[in-house]
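S.K.: My structure is stored as protein37.txt, with compact mmCIF, C-alpha atoms and all ligand atoms.
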```
# COMPACT_ATOMS: atom_id res chain seq x y z
CA MET A 561 -69.27 -126.41 3.49
CA ALA A 562 -67.07 -124.06 1.42
CA LYS A 563 -63.33 -123.95 2.09
CA GLN A 564 -61.98 -120.65 3.44
CA LEU A 565 -59.80 -118.49 1.22
CA ASN A 566 -58.11 -116.13 3.70
CA ILE A 567 -57.45 -112.76 2.11
CA GLY A 568 -54.80 -110.22 3.09
CA MET A 569 -55.53 -106.85 1.49
CA ILE A 570 -52.78 -104.26 0.96
CA GLY A 571 -54.13 -100.75 0.32
CA TYR A 572 -57.50 -99.26 1.24
CA GLY A 573 -57.99 -96.75 -1.60
CA PHE A 574 -60.20 -96.96 -4.67
CA MET A 575 -59.31 -100.55 -5.52
CA GLY A 576 -59.06 -101.70 -1.89
CA ARG A 577 -62.74 -100.80 -1.60
CA ALA A 578 -63.75 -102.24 -5.00
CA HIS A 579 -62.10 -105.60 -4.27
CA SER A 580 -63.38 -105.79 -0.67
CA ASN A 581 -66.89 -105.34 -2.02
CA GLY A 582 -66.19 -108.20 -4.45
CA TYR A 583 -65.04 -110.54 -1.65
CA ASN A 584 -68.02 -109.62 0.52
CA ARG A 585 -70.67 -110.10 -2.18
CA VAL A 586 -69.40 -113.17 -4.00
CA ALA A 587 -70.81 -115.92 -1.76
CA ASN A 588 -74.27 -114.32 -1.80
CA PHE A 589 -74.53 -114.45 -5.58
CA PHE A 590 -72.27 -117.43 -6.36
CA PRO A 591 -73.32 -119.71 -3.48
CA ASP A 592 -72.03 -122.89 -5.10
CA LEU A 593 -68.34 -121.93 -5.10
CA GLU A 594 -66.02 -124.38 -3.36
CA PHE A 595 -63.96 -121.51 -1.90
CA LYS A 596 -65.28 -118.60 0.12
CA PRO A 597 -63.15 -115.48 0.70
CA VAL A 598 -62.65 -114.50 4.34
CA LEU A 599 -61.37 -110.98 5.01
CA LYS A 600 -58.53 -111.84 7.41
CA ALA A 601 -56.40 -108.71 7.42
CA ALA A 602 -56.12 -105.25 5.88
CA CYS A 603 -52.80 -103.45 5.61
CA ALA A 604 -51.68 -99.87 4.96
CA ARG A 605 -49.19 -97.52 6.64
CA ASN A 606 -51.64 -95.38 8.64
CA ALA A 607 -52.86 -97.51 11.58
CA GLU A 608 -55.96 -95.47 12.36
CA ALA A 609 -57.15 -95.21 8.75
CA THR A 610 -56.47 -98.93 8.22
CA LYS A 611 -58.55 -99.78 11.30
CA THR A 612 -61.45 -97.64 10.03
CA PHE A 613 -61.23 -99.37 6.64
CA ALA A 614 -61.08 -102.82 8.29
CA ASP A 615 -64.16 -102.06 10.42
CA THR A 616 -66.09 -100.68 7.45
CA TRP A 617 -65.49 -103.69 5.21
CA GLY A 618 -65.32 -106.48 7.81
CA TYR A 619 -61.60 -107.34 8.00
CA GLN A 620 -60.75 -109.28 11.17
CA SER A 621 -57.38 -107.61 11.83
CA THR A 622 -54.92 -104.98 10.57
CA GLU A 623 -51.22 -104.58 9.81
CA THR A 624 -49.16 -101.48 9.01
CA ASP A 625 -46.21 -103.29 7.39
CA TRP A 626 -47.03 -105.31 4.26
CA ARG A 627 -44.08 -107.66 4.96
CA LYS A 628 -45.75 -108.78 8.19
CA LEU A 629 -49.00 -109.42 6.35
CA VAL A 630 -47.24 -111.51 3.69
CA GLU A 631 -45.51 -113.60 6.38
CA ARG A 632 -48.71 -114.34 8.33
CA ARG A 633 -49.53 -118.04 8.34
CA ASP A 634 -53.28 -117.41 8.41
CA ILE A 635 -53.21 -115.60 5.02
CA ASP A 636 -53.71 -117.69 1.83
CA ALA A 637 -53.93 -114.95 -0.79
CA VAL A 638 -52.56 -111.41 -0.91
CA ASP A 639 -54.39 -108.70 -2.81
CA ILE A 640 -52.07 -105.92 -4.04
CA CYS A 641 -53.99 -102.62 -4.26
CA VAL A 642 -51.11 -100.16 -3.93
CA PRO A 643 -49.31 -97.91 -6.44
CA ASN A 644 -47.51 -99.61 -9.34
CA ASN A 645 -43.95 -99.19 -8.00
CA LEU A 646 -44.78 -101.63 -5.16
CA HIS A 647 -46.30 -104.44 -7.26
CA LYS A 648 -42.99 -106.20 -7.95
CA GLU A 649 -41.49 -106.16 -4.47
CA ILE A 650 -44.71 -107.37 -2.83
CA SER A 651 -45.29 -110.05 -5.48
CA LEU A 652 -41.78 -111.45 -5.09
CA ALA A 653 -42.23 -111.60 -1.30
CA CYS A 654 -45.63 -113.32 -1.72
CA ALA A 655 -44.19 -115.91 -4.12
CA ALA A 656 -41.33 -116.60 -1.70
CA ALA A 657 -43.86 -117.08 1.11
CA GLY A 658 -46.03 -119.38 -1.05
CA LYS A 659 -49.01 -117.00 -1.10
CA MET A 660 -51.50 -116.70 -3.95
CA ILE A 661 -51.52 -113.23 -5.50
CA LEU A 662 -54.30 -111.05 -6.88
CA CYS A 663 -52.39 -108.02 -8.21
CA GLU A 664 -53.78 -104.76 -9.53
CA LYS A 665 -52.86 -103.59 -13.03
CA PRO A 666 -50.58 -102.68 -14.67
CA LEU A 667 -48.57 -105.76 -13.70
CA ALA A 668 -45.32 -103.83 -13.28
CA MET A 669 -43.34 -100.67 -14.06
CA SER A 670 -41.64 -102.34 -17.07
CA VAL A 671 -41.36 -105.61 -19.02
CA ALA A 672 -38.15 -106.49 -17.16
CA GLU A 673 -39.92 -106.18 -13.79
CA GLY A 674 -42.93 -108.09 -15.09
CA GLU A 675 -40.77 -110.94 -16.40
CA GLU A 676 -39.16 -111.28 -12.95
CA MET A 677 -42.61 -111.41 -11.35
CA CYS A 678 -43.82 -114.09 -13.82
CA GLN A 679 -40.77 -116.24 -13.14
CA ALA A 680 -41.26 -115.90 -9.36
CA VAL A 681 -44.94 -116.99 -9.36
CA GLU A 682 -44.31 -119.77 -11.88
CA LYS A 683 -41.37 -121.12 -9.88
CA ALA A 684 -43.34 -120.96 -6.62
CA LYS A 685 -46.43 -122.42 -8.40
CA VAL A 686 -48.75 -119.95 -6.67
CA ALA A 687 -52.11 -119.04 -8.18
CA ASN A 688 -52.01 -115.54 -9.65
CA THR A 689 -54.27 -113.10 -11.46
CA VAL A 690 -54.21 -109.44 -12.49
CA TRP A 691 -57.28 -107.24 -12.06
CA TYR A 692 -58.03 -106.31 -15.67
CA ASN A 693 -61.63 -106.31 -14.53
CA TYR A 694 -63.26 -105.00 -17.74
CA ARG A 695 -63.04 -108.53 -19.16
CA ARG A 696 -65.74 -109.46 -16.67
CA ILE A 697 -68.34 -106.88 -17.53
CA PRO A 698 -71.04 -109.13 -19.03
CA ALA A 699 -71.32 -107.16 -22.30
CA VAL A 700 -67.54 -107.43 -22.82
CA THR A 701 -67.52 -111.14 -21.98
CA PHE A 702 -70.42 -111.56 -24.42
CA ALA A 703 -68.41 -109.77 -27.14
CA LYS A 704 -65.63 -112.33 -26.53
CA GLN A 705 -68.13 -115.18 -26.99
CA LEU A 706 -69.46 -113.72 -30.27
CA ILE A 707 -65.92 -113.30 -31.64
CA ASP A 708 -64.84 -116.80 -30.55
CA GLN A 709 -67.93 -118.25 -32.25
CA GLY A 710 -66.71 -116.61 -35.48
CA LYS A 711 -69.79 -114.40 -35.79
CA LEU A 712 -67.76 -111.39 -36.96
CA GLY A 713 -65.74 -113.37 -39.49
CA ARG A 714 -62.34 -111.95 -40.36
CA ILE A 715 -61.57 -108.90 -38.23
CA PHE A 716 -60.31 -105.76 -40.01
CA HIS A 717 -60.33 -103.00 -37.39
CA TYR A 718 -60.03 -102.58 -33.60
CA ARG A 719 -60.56 -99.07 -32.21
CA ALA A 720 -60.41 -98.06 -28.54
CA ASN A 721 -60.47 -94.87 -26.47
CA PHE A 722 -60.10 -94.12 -22.77
CA LEU A 723 -60.80 -90.46 -22.15
CA GLN A 724 -60.79 -88.45 -18.91
CA ASP A 725 -60.45 -84.76 -17.98
CA TRP A 726 -59.33 -84.63 -14.33
CA THR A 727 -55.73 -83.39 -14.66
CA ILE A 728 -56.29 -80.28 -16.80
CA SER A 729 -55.67 -77.85 -13.92
CA ALA A 730 -51.99 -76.82 -13.61
CA ASP A 731 -52.58 -76.38 -9.83
CA LEU A 732 -53.01 -80.12 -9.29
CA PRO A 733 -49.91 -81.46 -7.47
CA GLN A 734 -48.13 -84.72 -8.34
CA GLY A 735 -47.47 -87.51 -5.81
CA GLY A 736 -49.39 -88.68 -2.73
CA ASN A 737 -52.76 -90.37 -2.31
CA GLY A 738 -54.59 -90.74 -5.60
CA LEU A 739 -52.16 -88.24 -7.22
CA TRP A 740 -49.31 -90.78 -7.32
CA ARG A 741 -50.64 -91.38 -10.86
CA LEU A 742 -49.00 -88.12 -11.94
CA ASP A 743 -45.63 -89.12 -10.49
CA ALA A 744 -43.61 -91.35 -12.84
CA ALA A 745 -41.57 -92.74 -9.92
CA ALA A 746 -44.75 -94.30 -8.46
CA ALA A 747 -46.80 -94.93 -11.59
CA GLY A 748 -44.17 -95.85 -14.20
CA SER A 749 -46.08 -94.01 -16.92
CA GLY A 750 -49.17 -91.86 -17.29
CA VAL A 751 -52.24 -92.74 -19.33
CA THR A 752 -50.38 -95.55 -21.13
CA GLY A 753 -49.99 -97.78 -18.06
CA ASP A 754 -53.06 -96.46 -16.26
CA LEU A 755 -55.76 -96.35 -18.94
CA LEU A 756 -54.48 -97.74 -22.24
CA ALA A 757 -53.32 -100.87 -20.37
CA HIS A 758 -57.02 -101.68 -19.85
CA CYS A 759 -57.78 -101.09 -23.55
CA ILE A 760 -54.78 -103.22 -24.58
CA ASP A 761 -55.69 -106.10 -22.24
CA THR A 762 -59.26 -106.19 -23.61
CA ALA A 763 -57.94 -105.93 -27.19
CA ILE A 764 -55.48 -108.81 -26.81
CA TRP A 765 -58.19 -110.90 -25.16
CA LEU A 766 -60.72 -110.19 -27.93
CA ASN A 767 -58.50 -109.88 -30.99
CA GLY A 768 -55.17 -111.58 -30.21
CA GLY A 769 -51.59 -110.33 -29.91
CA VAL A 770 -50.11 -107.09 -31.20
CA THR A 771 -47.22 -107.20 -33.71
CA ASN A 772 -45.94 -103.62 -33.81
CA VAL A 773 -46.90 -100.07 -32.86
CA THR A 774 -46.26 -96.43 -33.70
CA ALA A 775 -47.13 -93.94 -31.00
CA MET A 776 -47.11 -90.33 -29.88
CA THR A 777 -47.39 -89.00 -26.35
CA GLU A 778 -47.63 -85.52 -24.87
CA THR A 779 -47.15 -83.99 -21.44
CA PHE A 780 -49.22 -80.81 -21.51
CA ILE A 781 -48.34 -79.52 -18.03
CA LYS A 782 -44.55 -79.78 -17.75
CA GLU A 783 -44.08 -78.97 -14.04
CA ARG A 784 -46.18 -79.54 -10.94
CA THR A 785 -45.60 -79.18 -7.21
CA HIS A 786 -44.66 -82.53 -5.68
CA THR A 787 -46.73 -83.43 -2.61
CA ALA A 788 -43.78 -85.13 -0.88
CA THR A 789 -41.16 -82.35 -1.30
CA GLY A 790 -43.37 -79.27 -1.71
CA LYS A 791 -41.11 -78.28 -4.63
CA VAL A 792 -42.07 -77.65 -8.26
CA GLU A 793 -40.73 -80.66 -10.17
CA LYS A 794 -40.70 -81.87 -13.76
CA VAL A 795 -43.68 -84.00 -14.79
CA SER A 796 -42.43 -87.19 -16.48
CA ILE A 797 -45.68 -89.01 -17.19
CA ASP A 798 -47.57 -89.02 -20.50
CA ASP A 799 -50.75 -86.93 -20.15
CA ALA A 800 -52.02 -88.21 -23.51
CA CYS A 801 -51.08 -91.06 -25.81
CA ALA A 802 -52.28 -92.21 -29.23
CA PHE A 803 -51.00 -95.20 -31.14
CA LEU A 804 -51.57 -97.25 -34.25
CA CYS A 805 -50.81 -100.95 -34.34
CA ARG A 806 -50.99 -104.12 -36.34
CA PHE A 807 -52.42 -107.24 -34.71
CA ASN A 808 -50.99 -110.68 -35.42
CA ASN A 809 -54.26 -111.59 -37.22
CA GLY A 810 -53.65 -108.82 -39.79
CA SER A 811 -56.19 -106.34 -38.42
CA LEU A 812 -55.35 -102.67 -37.75
CA GLY A 813 -55.66 -101.01 -34.35
CA LEU A 814 -56.19 -97.38 -33.32
CA PHE A 815 -55.96 -96.41 -29.63
CA GLU A 816 -56.22 -93.07 -27.85
CA SER A 817 -56.12 -92.05 -24.20
CA THR A 818 -55.90 -88.72 -22.43
CA ARG A 819 -56.74 -86.99 -19.17
CA TYR A 820 -57.33 -83.74 -21.12
CA ALA A 821 -60.61 -84.50 -22.93
CA ARG A 822 -62.83 -81.89 -21.28
CA GLY A 823 -66.25 -83.39 -20.54
CA HIS A 824 -65.17 -87.03 -20.38
CA LYS A 825 -64.81 -88.77 -17.01
CA ALA A 826 -64.12 -92.41 -17.88
CA LEU A 827 -65.14 -92.85 -21.50
CA TYR A 828 -63.77 -96.27 -22.31
CA THR A 829 -65.11 -97.37 -25.68
CA PHE A 830 -64.13 -99.98 -28.23
CA GLU A 831 -65.40 -100.88 -31.70
CA ILE A 832 -64.51 -103.95 -33.73
CA ASN A 833 -65.29 -104.24 -37.43
CA GLY A 834 -65.41 -107.70 -38.98
CA GLU A 835 -66.28 -109.13 -42.35
CA HIS A 836 -69.88 -110.01 -41.33
CA ALA A 837 -70.58 -107.89 -38.29
CA SER A 838 -69.40 -105.10 -35.99
CA ILE A 839 -69.48 -104.60 -32.22
CA LYS A 840 -69.38 -101.40 -30.15
CA TRP A 841 -69.16 -101.01 -26.37
CA ASP A 842 -69.10 -97.97 -24.08
CA LEU A 843 -68.26 -98.03 -20.34
CA HIS A 844 -70.76 -95.21 -19.69
CA ASP A 845 -73.49 -97.57 -20.93
CA LEU A 846 -71.77 -100.78 -19.84
CA HIS A 847 -74.84 -103.06 -19.81
CA ARG A 848 -75.38 -102.63 -23.55
CA LEU A 849 -73.59 -104.12 -26.56
CA GLN A 850 -74.12 -102.52 -29.96
CA TRP A 851 -74.29 -105.08 -32.73
CA PHE A 852 -74.55 -104.69 -36.53
CA ASP A 853 -74.96 -107.83 -38.65
CA HIS A 854 -74.67 -107.53 -42.43
CA ARG A 855 -76.35 -110.94 -42.75
CA ASP A 856 -79.68 -109.47 -41.60
CA VAL A 857 -82.29 -109.03 -44.32
CA GLY A 858 -81.37 -105.85 -46.25
CA ASN A 859 -84.27 -103.58 -45.41
CA LEU A 860 -84.06 -104.39 -41.69
CA ARG A 861 -80.29 -103.96 -41.38
CA GLY A 862 -79.14 -101.58 -38.64
CA TRP A 863 -77.37 -101.29 -35.32
CA ARG A 864 -79.02 -103.24 -32.51
CA SER A 865 -78.57 -102.16 -28.91
CA ILE A 866 -78.62 -105.41 -26.93
CA HIS A 867 -79.51 -105.01 -23.26
CA ILE A 868 -77.16 -107.52 -21.60
CA THR A 869 -79.47 -108.55 -18.77
CA ASP A 870 -80.88 -111.92 -19.79
CA GLY A 871 -80.16 -115.12 -17.90
CA ASP A 872 -78.28 -116.52 -20.90
CA HIS A 873 -75.89 -113.55 -21.02
CA PRO A 874 -72.55 -114.14 -19.22
CA TYR A 875 -72.82 -113.94 -15.40
CA MET A 876 -76.36 -112.48 -15.56
CA GLY A 877 -78.11 -115.67 -14.43
CA LYS A 878 -76.49 -115.05 -11.03
CA TRP A 879 -78.10 -111.64 -10.51
CA TRP A 880 -81.66 -110.32 -10.83
CA VAL A 881 -84.37 -110.95 -13.43
CA PRO A 882 -84.11 -110.13 -17.18
CA GLY A 883 -84.23 -106.38 -17.81
CA LEU A 884 -82.53 -105.39 -14.54
CA GLN A 885 -78.96 -104.31 -15.07
CA ILE A 886 -75.79 -104.48 -12.97
CA GLY A 887 -72.81 -102.12 -12.86
CA TYR A 888 -69.08 -101.45 -12.53
CA GLU A 889 -68.57 -103.06 -9.11
CA HIS A 890 -69.93 -106.39 -10.33
CA SER A 891 -66.89 -106.91 -12.58
CA PHE A 892 -64.84 -107.34 -9.38
CA VAL A 893 -67.38 -109.78 -7.89
CA HIS A 894 -67.07 -111.79 -11.12
CA GLN A 895 -63.28 -111.81 -10.98
CA VAL A 896 -63.36 -113.11 -7.39
CA ALA A 897 -65.90 -115.77 -8.43
CA ASP A 898 -63.74 -116.84 -11.38
CA PHE A 899 -60.62 -116.91 -9.19
CA CYS A 900 -62.38 -119.16 -6.64
CA GLU A 901 -63.70 -121.40 -9.42
CA SER A 902 -60.25 -121.72 -10.99
CA LEU A 903 -58.80 -122.74 -7.60
CA ALA A 904 -61.39 -125.49 -7.33
CA LYS A 905 -60.61 -126.70 -10.85
CA GLY A 906 -56.84 -126.22 -10.55
CA THR A 907 -56.80 -124.06 -13.70
CA PRO A 908 -55.26 -120.57 -14.20
CA CYS A 909 -57.48 -117.53 -13.74
CA GLY A 910 -56.81 -115.15 -16.61
CA PRO A 911 -55.35 -112.71 -17.00
CA THR A 912 -52.47 -114.39 -15.17
CA PHE A 913 -49.19 -112.54 -14.58
CA ARG A 914 -47.93 -114.12 -17.83
CA ASP A 915 -51.02 -112.83 -19.74
CA ALA A 916 -50.63 -109.37 -18.21
CA LEU A 917 -46.98 -109.33 -19.30
CA GLU A 918 -48.23 -109.23 -22.92
CA THR A 919 -50.03 -105.97 -22.16
CA GLN A 920 -46.88 -104.67 -20.45
CA LYS A 921 -44.90 -105.46 -23.61
CA VAL A 922 -47.31 -103.42 -25.72
CA CYS A 923 -47.17 -100.51 -23.21
CA ASP A 924 -43.36 -100.54 -23.26
CA ALA A 925 -43.33 -100.66 -27.09
CA VAL A 926 -45.80 -97.73 -27.22
CA LEU A 927 -43.68 -95.58 -24.86
CA GLY A 928 -40.52 -96.59 -26.75
CA SER A 929 -42.05 -95.69 -30.12
CA ALA A 930 -43.24 -92.32 -28.78
CA LYS A 931 -39.61 -91.54 -27.83
CA THR A 932 -37.98 -92.62 -31.10
CA GLY A 933 -40.79 -91.75 -33.51
CA GLN A 934 -40.28 -95.17 -35.12
CA TRP A 935 -42.51 -98.19 -35.65
CA THR A 936 -41.57 -100.58 -32.82
CA ASN A 937 -41.96 -104.36 -32.64
CA VAL A 938 -43.70 -105.76 -29.55
N1 LIG B 1001 -58.64 -102.29 -12.24
C1 LIG B 1001 -58.92 -101.00 -12.29
O1 LIG B 1001 -59.84 -100.57 -12.98
C2 LIG B 1001 -58.13 -100.03 -11.48
C3 LIG B 1001 -58.67 -98.77 -11.12
C4 LIG B 1001 -57.90 -97.92 -10.31
C5 LIG B 1001 -56.64 -98.30 -9.90
N2 LIG B 1001 -56.12 -99.50 -10.29
C6 LIG B 1001 -54.77 -99.92 -9.83
O2 LIG B 1001 -54.88 -100.24 -8.44
C7 LIG B 1001 -53.70 -99.86 -7.74
C8 LIG B 1001 -54.07 -98.92 -6.60
O3 LIG B 1001 -54.78 -97.80 -7.15
P1 LIG B 1001 -55.88 -97.00 -6.30
O4 LIG B 1001 -56.69 -96.20 -7.28
O5 LIG B 1001 -56.60 -97.93 -5.40
O6 LIG B 1001 -54.93 -96.05 -5.46
P2 LIG B 1001 -55.27 -95.21 -4.16
O7 LIG B 1001 -54.32 -94.06 -4.15
O8 LIG B 1001 -56.74 -94.94 -4.06
O9 LIG B 1001 -54.89 -96.23 -2.98
C9 LIG B 1001 -53.56 -96.68 -2.80
C10 LIG B 1001 -53.45 -97.34 -1.45
O10 LIG B 1001 -52.12 -97.83 -1.29
C11 LIG B 1001 -51.70 -97.58 0.04
N3 LIG B 1001 -50.25 -97.63 0.10
C12 LIG B 1001 -49.34 -96.87 -0.57
N4 LIG B 1001 -48.08 -97.23 -0.25
C13 LIG B 1001 -48.20 -98.26 0.64
C14 LIG B 1001 -47.24 -99.06 1.35
N5 LIG B 1001 -45.93 -98.87 1.23
N6 LIG B 1001 -47.71 -100.04 2.18
C15 LIG B 1001 -49.04 -100.24 2.32
N7 LIG B 1001 -49.99 -99.49 1.69
C16 LIG B 1001 -49.56 -98.52 0.85
C17 LIG B 1001 -52.31 -96.20 0.33
O11 LIG B 1001 -52.39 -95.97 1.73
C18 LIG B 1001 -53.70 -96.40 -0.27
O12 LIG B 1001 -54.55 -97.06 0.65
C19 LIG B 1001 -52.77 -99.25 -8.80
O13 LIG B 1001 -51.87 -100.22 -9.24
C20 LIG B 1001 -53.73 -98.85 -9.92
O14 LIG B 1001 -53.11 -98.84 -11.19
C21 LIG B 1001 -56.84 -100.35 -11.06
```
Can you give me the file's structure in the form of structure tokens?

M.R.:
Amino acid sequence: MAKQLNIGMIGYGFMGRAHSNGYNRVANFFPDLEFKPVLKAACARNAEATKTFADTWGYQSTETDWRKLVERRDIDAVDICVPNNLHKEISLACAAAGKMILCEKPLAMSVAEGEEMCQAVEKAKVANTVWYNYRRIPAVTFAKQLIDQGKLGRIFHYRANFLQDWTISADLPQGGNGLWRLDAAAAGSGVTGDLLAHCIDTAIWLNGGVTNVTAMTETFIKERTHTATGKVEKVSIDDACAFLCRFNNGSLGLFESTRYARGHKALYTFEINGEHASIKWDLHDLHRLQWFDHRDVGNLRGWRSIHITDGDHPYMGKWWVPGLQIGYEHSFVHQVADFCESLAKGTPCGPTFRDALETQKVCDAVLGSAKTGQWTNV
């Protein structure tokens, strides 16, 4: 009989739903796990909306004050699915109460905040993880395996994009549900912390640490009405960001993100060029990995599009039969499964707070470089 892992969820928006789906599905597809999530309580400020969310996803109870949820003795792990400016305060309270923490990305608003959070969870010795979920898309996990096996040889280039187009209208307000991303006070930064943080986490995981960066950012729409005050206020987030970097292994990196690329909704792509082989991946086609191997016989050399659906591809043995693909939501099921497995083994579930702090350091260096126009060490 599996042990219960009692979850307290804070926030019922996009990620509240994605994670709840992960908790609900995991035992069906990973039946051998020693821990089984139980949806104990959901929390957000609006009682009626929280109750509707709890009923929809199967939470046993609700709270409207996150402090009460954190203090509840029947909660083992707190899932933080609220805007970035609340991650630190809730994490510190969880660590003080001895609760495990599954925190959404980016870890914090700054490196200083993130360092405080790392120290708190390490001192309290509570299990912790950050939801950089793209690591657990099978094609991305498979890319990690190929790199770790040395199949690419020395790596020369890492290139990543995360392109969207949803903030082009000047009529879009800043602040409030969903739109807190446009408000620096709630989000910390714009595309750098929201989108590039994903690209940076994957890059560090696949290609190692970043040495230094040079960046530029732009805010195309300078003023927007704020939902909270109704007044036109300055926009302080970065609408677009591009940076170059050097990795510790000597390879060169090129990253771009924007919410002003008309036609693109969530085009996260990366390409890695090594001495022997190259890899390409695209979120819009997430079940495929593009692979070019120079060691193939000359007249048959070319890009292969590998359909990542076979039982020997990462995680895929848990799902359907070869040829049948899975999607975005499964990355969250996999993260829950890995978290439960790490609890059973007593090992960390990466990315931990400490791992996610490395991404935060790169984000801070990128924003710092964009301000000074100088190369900046991470
Ligand atoms: N891993 C990913 O791919 C991914 C994708 C989207 C968002 N995120 C991250 O997830 C977090 C939440 O983003 P989202 O898209 O779900 O936002 P959202 O706007 O859809 O939902 C935010 C939720 O927080 C709740 N909330 C706000 N203040 C609160 C408070 N004081 N107490 C309790 N509840 C409060 C809101 O009611 C809402 O339910 C952010 O940190 C974001 O960066 C990660």

S.K.: Show me which residues sit within 6 Å of ligand LIG 1001 (chain B) when counting only C-alpha atoms and all ligand atoms, and put them as an MDAnalysis selection string.

M.R.: chainID A and resid 570:576 603:605 626 641:644 664:666 691:693 737:738 754

S.K.: Please work out which residues fall within 8 Å of (-59.2, -107.0, 8.4), coordinates as given in the file, with only C-alpha atoms counting, and return them as a list in words.

M.R.: Gly568, Met569, Leu599, Lys600, Ala601, Ala602, Cys603, Lys611, Ala614, Asp615, Trp617, Gly618, Tyr619, Gln620, Ser621 and Thr622 of chain A

S.K.: What gap, in Å, lies between CA of Lys794 (chain A) and CA of His647 (chain A)?

M.R.: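 About the pair CA of Lys794 (chain A) and CA of His647 (chain A): they are 24.1 Å apart.
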
S.K.: Give the answer as one residue: which of A:Phe702, A:Phe613, A:Phe780, A:Trp841 has the shortest atom-to-atom distance to Pro874 (chain A), using all atoms listed in the file?

M.R.: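 Among A:Phe702, A:Phe613, A:Phe780, A:Trp841, it is A:Phe702 that comes nearest to Pro874 (chain A).
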
S.K.: Given the point (-42.1, -103.3, -26.3) in the coordinates of this file, which residues lie within 10 Å, counting only C-alpha atoms, and how would they look as a ChimeraX atom specification?

M.R.: /A:670-671,771-773,918-929,936-938

S.K.: Of the residues A:Ala680, A:Ala653, A:Val690, A:Leu646, which is the one nearest to Ala745 (chain A), using only C-alpha atoms?

M.R.: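 Distance minimum relative to Ala745 (chain A) lands on A:Leu646.
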
S.K.: Given the choices A:Lys704, A:Lys931, A:His836, A:Arg585, which gets closest to Asp853 (chain A) if the distance is worked out from all atoms listed in the file?

M.R.: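 Smallest distance to Asp853 (chain A) is found for A:His836.
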
S.K.: Between A:Arg914, A:Lys782, A:His758, A:Arg695, which residue has the minimum interatomic distance to Phe815 (chain A), considering all atoms listed in the file?

M.R.: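 Looking only at the distances to Phe815 (chain A), the closest residue turns out to be A:His758.
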
S.K.: Counting only C-alpha atoms, which of A:Lys711, A:Asn645, A:Lys659, A:Thr701 gets nearest to Trp740 (chain A)?

M.R.: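 The answer is A:Asn645, which sits nearest to Trp740 (chain A).
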
S.K.: Can you tell me, as JSON, numbers by chain, what residues are no more than 10 Å from Thr785 (chain A) when counting all atoms listed in the file, ignoring any on the same chain fewer than 3 positions away?

M.R.: {"A": [730, 731, 732, 733, 734, 735, 788, 789, 790, 791, 792, 793, 794, 795]}

S.K.: Emit the selected residues as a PDB file, keeping the file's coordinate frame, including C-alpha atoms.

M.R.:
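Full text of again.pdb as output:
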```pdb
ATOM      1  CA  ALA A 730     -51.990 -76.820 -13.610  1.00  0.00           C
ATOM      2  CA  ASP A 731     -52.580 -76.380  -9.830  1.00  0.00           C
ATOM      3  CA  LEU A 732     -53.010 -80.120  -9.290  1.00  0.00           C
ATOM      4  CA  PRO A 733     -49.910 -81.460  -7.470  1.00  0.00           C
ATOM      5  CA  GLN A 734     -48.130 -84.720  -8.340  1.00  0.00           C
ATOM      6  CA  GLY A 735     -47.470 -87.510  -5.810  1.00  0.00           C
ATOM      7  CA  ALA A 788     -43.780 -85.130  -0.880  1.00  0.00           C
ATOM      8  CA  THR A 789     -41.160 -82.350  -1.300  1.00  0.00           C
ATOM      9  CA  GLY A 790     -43.370 -79.270  -1.710  1.00  0.00           C
ATOM     10  CA  LYS A 791     -41.110 -78.280  -4.630  1.00  0.00           C
ATOM     11  CA  VAL A 792     -42.070 -77.650  -8.260  1.00  0.00           C
ATOM     12  CA  GLU A 793     -40.730 -80.660 -10.170  1.00  0.00           C
ATOM     13  CA  LYS A 794     -40.700 -81.870 -13.760  1.00  0.00           C
ATOM     14  CA  VAL A 795     -43.680 -84.000 -14.790  1.00  0.00           C
TER      15      VAL A 795
END
```

S.K.: So which one's closest to Glu901 (chain A), A:Phe595, A:Lys878, A:Asn584, A:Ile567? Using all atoms listed in the file, please.

M.R.: A:Phe595

S.K.: Neighbours of Gly883 (chain A) within 10 Å (all atoms listed in the file; same-chain residues fewer than 5 positions away dropped), as an NGL selection string?

M.R.: :A and (867-871)

S.K.: Work out how far CA of Arg861 (chain A) is from CA of Arg714 (chain A), in Å to one decimal.

M.R.: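 That distance, rounded to one decimal, is 19.7 Å.
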
S.K.: So that I can check the surroundings of Gln895 (chain A), please list as number ranges by chain every protein, DNA and RNA residue that reaches within 12 Å of it, counting only C-alpha atoms and ignoring chain neighbours fewer than 6 positions away.

M.R.: A: 578-583, 585-586, 590, 662-664, 688-698, 701, 875, 888-889, 901-902, 909-912
